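Data block below; observations after.
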Amino acid sequence: MKQEPIPNIDMHSADSQTSTRSLTILYDNIRWEEKALYEAAKKKGIEVANVDCKDLFVDLNNNGNSKYQGVVIMQRCVSYFKSVHSTAALEGLGAKMINTLEAATNCGNKLFAHMKLQRAGVPTPRAVSAFSEESAMQALDRLGYPAVIKPTIGSWGRLIALLRDKDASRAVIEDREHMFPLYHIYYFEEFVERPPRDIRAIVIGDRVAAAIYRYSGEGEWKTNMALGGRAEMCAVTGELEEICIRAASAVGGQIVGVDLMEDKEKGLVVHEVNNTTEFKNTVRVTGVDIPSMMVDYALKIGK
Amino acid sequence: MVKCPECDAEIKVPEDSIEGEIVTCPDCGAGYELVKSKDSSKKGPDAFEIKPAQVVGEDWGQ
């Protein structure tokens, strides 16, 4: 099979990208998702450019005559810091980012996201925050045990710990005090009484494209697929769709992965919204062509 | 086909590969990122060279 050349779009002369039938995928690593998006766009006959964020430099003062004006860019960097900063730069120069800086900022920080969700009336796990070792212990006394500590910025379940009692909490918090100051911002959630699974729903625009249950891996309470969890199909009910759309809207998201738990008392609660969502397992389990739907959405945004 | 710089094993580059994709050495497990060959006359899997892939960053995720 002949290798098709990838359009080598120079982001500094990206005039051709203003066409409504074109799309730029900004990445730092090509995962299954980025490749699937590229192939979906090619299949639709769309001019698609894969741009490596690591090769990108941006003149931040070029606002009057920006070549990024109107360019539709799907932000797919796996690095949080590369993602949020490149989004700020390109959106500031007029690019139509999917997702926007607003969504990247809100989704990238669990405390920010929690506040947006609760202000919008989206059910969430109960959470408390504190800003010193002492107040963190007091906050946990108020919340009760078991509790879950989560870094405000972080993914794939890293540095998330289950705190069963005061001694465990003291040990974990003391460790955090020796880490980068970001980890001195304490964010705790109640440990939700739920089945050993959570739900990942992929929102594209104003609908839920598909959803899966994510079951914890063996010997693990976290449900992240990155930690060996397994996926099963989840029916998209009216209730699930409604809460997911409200959650996406609360954080300003266009294409997001909403994570929910089934609280035995409160019903569905949203504990996270992901702005550069992974969807490989959702496609594998549900058969829904999410990459194609994402490309269609991006084209609509470009019009 | 490219040679693993670590262990000299042969790494197969799939036909449908795209730039930026990660390939793994079947012998030593080292990960490499596919980059375009400087020789533009090369086509298909031969059009790629490899460089060491980034290690998973503390800020990686979704």
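A note on labels: chains of the structure tokens are A, B, ... as shown, every chain counts residues from 1, and ligands are counted from 1 in their shown order.
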
Would you give me, as a ChimeraX atom specification, the residues of chain B that come within 6 Å of chain A, using only C-alpha atoms? /B:20-21,44,59-62

Only C-alpha atoms, please: the residues just picked out, written as a tab-separated table (two decimals), in the first residue's frame.
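Here's the written file part.tsv:
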```tsv
chain	number	residue	atom	x	y	z
B	20	GLY	CA	4.76	10.95	15.34
B	21	GLU	CA	3.52	7.42	15.96
B	44	GLY	CA	6.04	3.85	2.57
B	59	ASP	CA	1.55	16.14	33.30
B	60	TRP	CA	0.41	13.58	30.73
B	61	GLY	CA	-3.21	12.57	30.69
B	62	GLN	CA	-6.53	13.49	29.18
```

I'd like the neighbourhood of stretch 23-33 of chain B as a VMD selection string, where a residue qualifies if any of its atoms comes within 6 Å (using only C-alpha atoms), though same-chain residues fewer than 6 positions away should be ignored. chain B and resid 11 50 to 53

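Atom to atom, atom CA of A:Ile25 and atom CA of A:Ile73 stand 5.8 Å apart.
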
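The spacing separating atom CA of A:Lys67 from atom CA of A:Met97 amounts to 14.0 Å.
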
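The strand (DSSP E) portion of stretch 39-197 of chain A consists of A:Glu47, A:Val48, A:Ala49, A:Asn50, A:Val51, A:Asp52, A:Val72, A:Ile73, A:Met74, A:Gln75, A:Lys96, A:Met97, A:Ile98, A:Ala127, A:Val128, A:Ser129, A:Ala130, A:Ala147, A:Val148, A:Ile149, A:Ala161, A:Leu162, A:Leu163, A:Tyr186, A:Tyr187, A:Phe188, A:Glu189, A:Glu190, A:Arg197, with states taken from DSSP on the backbone.
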
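The coordinates place atom CA of A:Glu220 at 11.9 Å from atom CA of A:Ile160.
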
Find the residues around B:Lys38 up to 10 Å (only C-alpha atoms counted), leave out those fewer than 4 positions away in its own chain, and share them as JSON, numbers by chain. {"B": [42, 47, 48, 49]}

Determine which residues of chain B receive a DSSP assignment of helix (DSSP H, G or I), computed from the backbone, and state them as a PyMOL selection string. chain B and resi 44-47

Quick one: residues within 12 Å of A:Leu90, only C-alpha atoms counted, chain neighbours fewer than 3 positions away excluded, as a VMD selection string? chain A and resid 11 to 12 24 26 53 56 to 63 66 to 75 82 to 87 93 to 101
